Each structure stands twice: as structure tokens, then as C-alpha cells.
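Chemist: I'd like to ask some things about the structure below.
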Amino acid sequence: MFDILKAKLRENPKKIVFTEGHDARILEAAAQLKKDGLYLTPILIGNVEVVKAKAAECGFDIEGLEIIDPATYPEMEKMVETMVELRKGKMSPEDCRANLLKGNYFGTMLVKMGYSTADTVRPALQLVKTRKGAHLVSSCFIMARDGKDGKQELLAMGDCAINIDYQDTVDKDGNVTFTAAEKLAEVAIETAKTAKVFGIDPKVAVLSFSTKGSGKGGTVALSQAATEKAKELAPDLAIDGEMQFDAAVSPTVGQLKFPGSKVAGYANTFIFPNIEAGNIGYKIAQRLGGFAAYGPILQGLNAPINDLSRGCNADEVYKMAIITAALA
């Protein structure tokens with residue numbers, strides 16, 4: 001999987017901003033990217049002397065990499081002006097300046113003004129915002145494991161980290177402006193797009209505890225309606241639902257429960273009806289199925305920005321940096 005992504009980056013090199021440049025895991029990942037040949041060039045945020053001292057202490061070679069200190073950044077006033085405009089009166093210049101001294105906001109503004117980054121979600125929603133045509137930010141995990149034939153098995157699962165559930169959006173006059181089904185359909189389409197970046201030919205199953213109307217209640221109607229909406233919005237996408245997980249992955253069960261479906265039994269992209277199902281699902285695949293989980297990969301933003309857990313290691317930082325840049 002990563003060979004494919006690296007090949008894309010070698011054809012079109014990128015820069016990536018790390019907002020916690022003093023962190024040993026970040027420095028190790030940055031040093032590895034430098035060693036790889038700079039198809040992905042790290043930019044480290046933090047006090048220059050502190051970052052260099054930490055790298056020297058840990059034995060990581062970051063010589064020649066750009067380090068930007070928000071406290072001495074020469075374009076800070078321009079950045080403040082841009083952030084004030086983006087926040088549309090919700091933050092004063094003083095508030096913006098104070099926030100931009102924090103690595104996550106500063107790094108996100110660098111993205112807005114022309115870079116790529118891997119950091120956190122809130123500044124991204126405030127500053128980078130959703131791209132044209134997208135109504136919400138969602139996420140997916142790419143799951144990978146070595147197959148018996150020596151080939152890597154890849155799956156996509158969404159949304160497992162951002163949207164707790166799906167409710168209709170209602171304006172102040174009580175009019176529904178964006179339905180729950182439209183939201184889940186958008187997640188399905190965006191997850192399929194992400195899957196393609198990783199070389200997956202998406203066959204999308206919209207999951208439920210019901211297959212083709214076998215059950216009632218819960219999120220069944222949502223999964224049914226979202227499937228129909230996704231088919232309408234993306235007629236070339238291979239997608240079916242609602243279906244149970246066994247119908248999605250077992251050809252025998254799939255064709256028994258959902259005869260004639262091109263997806264049932266062969267799905268590789270799974271859409272969950274809420275975050276509880278999604279989070280449980282990907283972790284079962286990770287812990288019992290032996291899949292490595294890469295994500296959450298954020299979808300629907302104007303620029304590629306991803307979150308890293310506090311418990312991540314340097315290898316995860318390195319790999320997520322490659323993923324983030326490949327999505328640009």
C-alpha cells in the first residue's frame with residue numbers, strides 16, 4: 001500500500017507541516033522522511049533551538065529541514081488578518097494572534113495558505129472548512145493485512161470517528177435542509193473516493209442488522225434511504241444496502257440474502273450507520289482480524305488534514321504523514 005502512495009508522491013512531491021516539532025516521535029518520523037529522499041518534505045513547528053536540541057538529544061538527523069517558530073514568524077500579521085476574516089467576527093485580532101501562537105492553529109493556517117498537515121480537527125473545521133459540494137466532515141479507516149497469496153488485503157471503513165449519528169439538519173424556520181440519509185450517503189461516496197486513492201476498487205456495503213428489508217426499526221430505514229440517495233448521486237458507484245456484515249463479505253450468504261447484488265459477498269468498503277457500530281467494527285477487524293488500522297482519515301475538507309492520537313508512535317506518524325500527503 002505505501003509503495004503505491006510513495007510512488008505518487010515521487011511524481012508530485014509535497015510538503016507536510018508537523019505542529020509539534022519538539023516531540024521525539026515527530027522528529028523520528030521527520031528524519032525518516034528526510035532519509036527517504038524528500039518526496040515528502042517535513043516542516044517542523046516550534047522554537048528552533050528547542051527543536052534542534054531535542055533532535056540532537058535523540059540522535060535524529062533533521063539537518064536542512066525547515067523549522068518555523070510562530071513567535072518569530074515574519075508573516076504573522078498577514079496570518080492574523082486572514083484568520084479574522086475566516087472567523088467572520090467570532091474572534092478578535094487579539095484572540096486570533098493568541099491562538100496562532102499554538103502549534104495546531106498555526107499549522108492549520110499554513111495549510112490554508114498553501115501547505116499540507118497532520119494534526120487536529122477543530123482548527124481545520126474553523127479555518128480550512130469543508131470543500132465546495134461537501135456538507136460535512138467525515139472519516140474512514142484503511143485496514144490492511146497480508147493475504148495468504150502474498151498480496152495485501154485492503155478495506156475501507158467509514159465513518160468510525162467523527163459523526164456520532166445522523167440527524168436531519170433543520171433551519172430556524174423548521175425546514176429540513178440536509179437529511180440524515182443525505183449525510184450518510186455523502187459519507188459512503190467520500191469513503192469510496194478515499195478507497196480509490198489506496199488502490200481499492202470500491203464495492204460499498206451500507207451496513208445494518210437487516211438485509212434487504214429483513215428487519216425493521218433502529219437504523220434500517222436510514223441505511224436503506226442512504227443507499228438509494230448514494231446511487232442517485234453517484235450512479236457509477238458499486239453500492240448496495242442495507243445489508244448485514246455476513247451478507248457483505250460472504251458470497252454464499254450474500255447471494256442468498258441479496259440475490260443479484262454486485263456488492264453482496266464481495267464488499268471491500270463498509271459504511272456504518274453510526275459511530276458506535278463503526279468504532280466497534282474497525283476495532284474488531286484490528287484486534288481479531290489482524291488488520292492494521294490507518295486513520296482516522298478526514299474527508300470533505302478543503303485540504304488534507306488528519307488527526308493523530310496522543311498514544312501514537314513514530315512509525316504511525318511517518319505512515320500517516322505519507323497518507324495525508326497522498327490525499328492532497
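Simple scheme: letters A, B, ... for chains in C-alpha cells order, numbers from 1 for residues in each chain, numbers from 1 for ligands in the order shown.
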As a PyMOL selection string, please: the residues near range 245-250 of chain A (cut-off 9 Å, only C-alpha atoms, same-chain neighbours under 5 positions excluded).
Modeler: chain A and resi 204-209+211+255-258+263-268+270
Chemist: Based on DSSP run over this structure's backbone, return all residues of range 19-68 of chain A in strand (DSSP E), as a list in words.
Modeler: Leu40, Thr41, Pro42, Ile43, Leu44, Ile45, Glu66, Ile67 and Ile68 of chain A
Chemist: Output C-alpha atoms of each residue in that selection to a file, as an mmCIF file, in the first residue's frame.
Modeler:
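Output file result-v4.cif is given in full below:
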```
data_model
loop_
_atom_site.group_PDB
_atom_site.id
_atom_site.type_symbol
_atom_site.label_atom_id
_atom_site.label_comp_id
_atom_site.auth_asym_id
_atom_site.auth_seq_id
_atom_site.Cartn_x
_atom_site.Cartn_y
_atom_site.Cartn_z
ATOM 1 C CA LEU A 40 7.589 14.499 1.240
ATOM 2 C CA THR A 41 9.358 17.418 2.914
ATOM 3 C CA PRO A 42 8.644 17.953 6.624
ATOM 4 C CA ILE A 43 8.203 21.437 8.103
ATOM 5 C CA LEU A 44 8.516 21.481 11.886
ATOM 6 C CA ILE A 45 6.677 23.996 14.075
ATOM 7 C CA GLU A 66 12.657 23.967 7.804
ATOM 8 C CA ILE A 67 11.680 24.902 11.370
ATOM 9 C CA ILE A 68 9.136 27.692 11.873
#
```
Chemist: Measure the distance from CA of Ile323 in chain A to CA of Lys283 in chain A in Å and round it to one decimal.
Modeler: 19.9 Å
Chemist: Set out as a Markdown table a contact list for range 167-189 of chain A and range 285-302 of chain A with a cut-off of 12 Å, giving each residue of range 167-189 of chain A that qualifies its closest atom pair and distance in Å to one decimal, counting only C-alpha atoms, ordered by chain and rising residue number.
Modeler:
```
| residue | atom | partner | partner_atom | distance |
| --- | --- | --- | --- | --- |
| A:Lys183 | CA | A:Gly300 | CA | 11.6 |
| A:Glu186 | CA | A:Gly300 | CA | 9.1 |
| A:Val187 | CA | A:Gln299 | CA | 8.2 |
| A:Ala188 | CA | A:Gln299 | CA | 10.7 |
| A:Ile189 | CA | A:Gln299 | CA | 10.2 |
```
Chemist: Using only C-alpha atoms, pick whichever of A:Gly218, A:Gly213, A:Gly260, A:Gly103 has the shortest atom-to-atom distance to Glu242 in chain A.
Modeler: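 Checking each candidate against Glu242 in chain A, we get A:Gly213 as the closest.
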Chemist: Counting only C-alpha atoms, figure out which residue out of A:Arg97, A:Lys132, A:Lys319, A:Lys229 gets nearest to Met79 in chain A.
Modeler: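 For Met79 in chain A, the nearest of the candidates is A:Arg97.
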Chemist: Could you tell me how far CA of Asp61 in chain A sits from CA of Asn313 in chain A, in Å to one decimal place?
Modeler: 17.9 Å
Chemist: Please report the interatomic distance between CA of Ala234 in chain A and CA of Phe178 in chain A in Å with one decimal.
Modeler: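 So the two atoms, CA of Ala234 in chain A and CA of Phe178 in chain A, lie 17.4 Å apart.
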Chemist: Give the alpha helix (DSSP H) residues of range 211-256 of chain A, as DSSP finds them on the backbone, and put them as a PDB file with N, CA and C atoms, in the first residue's frame.
Modeler:
```pdb
ATOM      1  N   VAL A 220     -32.355   0.871  10.221  1.00  0.00           N
ATOM      2  CA  VAL A 220     -32.609   0.182   8.953  1.00  0.00           C
ATOM      3  C   VAL A 220     -33.090   1.143   7.877  1.00  0.00           C
ATOM      4  N   ALA A 221     -34.093   1.959   8.206  1.00  0.00           N
ATOM      5  CA  ALA A 221     -34.641   2.897   7.222  1.00  0.00           C
ATOM      6  C   ALA A 221     -33.575   3.900   6.771  1.00  0.00           C
ATOM      7  N   LEU A 222     -32.716   4.313   7.695  1.00  0.00           N
ATOM      8  CA  LEU A 222     -31.634   5.241   7.359  1.00  0.00           C
ATOM      9  C   LEU A 222     -30.692   4.610   6.340  1.00  0.00           C
ATOM     10  N   SER A 223     -30.271   3.369   6.582  1.00  0.00           N
ATOM     11  CA  SER A 223     -29.352   2.697   5.662  1.00  0.00           C
ATOM     12  C   SER A 223     -29.994   2.480   4.296  1.00  0.00           C
ATOM     13  N   GLN A 224     -31.272   2.153   4.296  1.00  0.00           N
ATOM     14  CA  GLN A 224     -31.990   1.966   3.031  1.00  0.00           C
ATOM     15  C   GLN A 224     -32.019   3.273   2.232  1.00  0.00           C
ATOM     16  N   ALA A 225     -32.444   4.341   2.900  1.00  0.00           N
ATOM     17  CA  ALA A 225     -32.581   5.633   2.221  1.00  0.00           C
ATOM     18  C   ALA A 225     -31.226   6.176   1.770  1.00  0.00           C
ATOM     19  N   ALA A 226     -30.187   5.983   2.591  1.00  0.00           N
ATOM     20  CA  ALA A 226     -28.849   6.457   2.235  1.00  0.00           C
ATOM     21  C   ALA A 226     -28.321   5.730   1.003  1.00  0.00           C
ATOM     22  N   THR A 227     -28.599   4.432   0.909  1.00  0.00           N
ATOM     23  CA  THR A 227     -28.165   3.665  -0.258  1.00  0.00           C
ATOM     24  C   THR A 227     -28.799   4.208  -1.532  1.00  0.00           C
ATOM     25  N   GLU A 228     -30.087   4.446  -1.483  1.00  0.00           N
ATOM     26  CA  GLU A 228     -30.792   4.962  -2.663  1.00  0.00           C
ATOM     27  C   GLU A 228     -30.285   6.344  -3.039  1.00  0.00           C
ATOM     28  N   LYS A 229     -30.011   7.185  -2.031  1.00  0.00           N
ATOM     29  CA  LYS A 229     -29.503   8.530  -2.309  1.00  0.00           C
ATOM     30  C   LYS A 229     -28.106   8.462  -2.919  1.00  0.00           C
ATOM     31  N   ALA A 230     -27.266   7.583  -2.409  1.00  0.00           N
ATOM     32  CA  ALA A 230     -25.906   7.447  -2.944  1.00  0.00           C
ATOM     33  C   ALA A 230     -25.943   6.966  -4.389  1.00  0.00           C
ATOM     34  N   LYS A 231     -26.841   6.047  -4.698  1.00  0.00           N
ATOM     35  CA  LYS A 231     -26.986   5.573  -6.076  1.00  0.00           C
ATOM     36  C   LYS A 231     -27.405   6.709  -7.004  1.00  0.00           C
ATOM     37  N   GLU A 232     -28.256   7.590  -6.490  1.00  0.00           N
ATOM     38  CA  GLU A 232     -28.713   8.734  -7.274  1.00  0.00           C
ATOM     39  C   GLU A 232     -27.578   9.726  -7.508  1.00  0.00           C
ATOM     40  N   LEU A 233     -26.770   9.975  -6.465  1.00  0.00           N
ATOM     41  CA  LEU A 233     -25.689  10.958  -6.554  1.00  0.00           C
ATOM     42  C   LEU A 233     -24.464  10.425  -7.292  1.00  0.00           C
ATOM     43  N   PHE A 245     -23.397  -7.705   7.867  1.00  0.00           N
ATOM     44  CA  PHE A 245     -21.978  -7.865   7.542  1.00  0.00           C
ATOM     45  C   PHE A 245     -21.693  -9.200   6.871  1.00  0.00           C
ATOM     46  N   ASP A 246     -22.381 -10.272   7.317  1.00  0.00           N
ATOM     47  CA  ASP A 246     -22.117 -11.567   6.683  1.00  0.00           C
ATOM     48  C   ASP A 246     -22.549 -11.552   5.224  1.00  0.00           C
ATOM     49  N   ALA A 247     -23.638 -10.865   4.925  1.00  0.00           N
ATOM     50  CA  ALA A 247     -24.080 -10.749   3.537  1.00  0.00           C
ATOM     51  C   ALA A 247     -23.108  -9.908   2.709  1.00  0.00           C
ATOM     52  N   ALA A 248     -22.430  -8.998   3.363  1.00  0.00           N
ATOM     53  CA  ALA A 248     -21.481  -8.126   2.664  1.00  0.00           C
ATOM     54  C   ALA A 248     -20.208  -8.854   2.276  1.00  0.00           C
ATOM     55  N   VAL A 249     -19.770  -9.831   3.091  1.00  0.00           N
ATOM     56  CA  VAL A 249     -18.441 -10.422   2.874  1.00  0.00           C
ATOM     57  C   VAL A 249     -18.451 -11.883   2.434  1.00  0.00           C
ATOM     58  N   PRO A 251     -19.769 -14.601  -0.153  1.00  0.00           N
ATOM     59  CA  PRO A 251     -20.503 -14.764  -1.415  1.00  0.00           C
ATOM     60  C   PRO A 251     -21.719 -15.677  -1.282  1.00  0.00           C
ATOM     61  N   THR A 252     -21.586 -16.743  -0.502  1.00  0.00           N
ATOM     62  CA  THR A 252     -22.699 -17.672  -0.334  1.00  0.00           C
ATOM     63  C   THR A 252     -23.869 -16.996   0.374  1.00  0.00           C
ATOM     64  N   VAL A 253     -23.577 -16.353   1.515  1.00  0.00           N
ATOM     65  CA  VAL A 253     -24.623 -15.680   2.283  1.00  0.00           C
ATOM     66  C   VAL A 253     -25.152 -14.472   1.524  1.00  0.00           C
ATOM     67  N   GLY A 254     -24.238 -13.741   0.906  1.00  0.00           N
ATOM     68  CA  GLY A 254     -24.637 -12.537   0.199  1.00  0.00           C
ATOM     69  C   GLY A 254     -25.619 -12.805  -0.914  1.00  0.00           C
ATOM     70  N   GLN A 255     -25.334 -13.809  -1.739  1.00  0.00           N
ATOM     71  CA  GLN A 255     -26.224 -14.089  -2.858  1.00  0.00           C
ATOM     72  C   GLN A 255     -27.508 -14.786  -2.424  1.00  0.00           C
ATOM     73  N   LEU A 256     -27.490 -15.402  -1.254  1.00  0.00           N
ATOM     74  CA  LEU A 256     -28.707 -15.988  -0.691  1.00  0.00           C
ATOM     75  C   LEU A 256     -29.631 -14.895  -0.162  1.00  0.00           C
TER      76      LEU A 256
END
```
Chemist: For range 245-317 of chain A versus range 5-28 of chain A, which residues have an atom no more than 9 Å away, and what is each residue's nearest atom pair and distance in Å rounded to one decimal, using only C-alpha atoms, chain-then-number order, as a tab-separated table?
Modeler:
```
residue	atom	partner	partner_atom	distance
A:Cys312	CA	A:Arg25	CA	8.3
A:Asn313	CA	A:Arg25	CA	6.1
A:Ala314	CA	A:Arg25	CA	4.3
A:Asp315	CA	A:Arg25	CA	8.1
A:Val317	CA	A:Ile26	CA	6.6
```
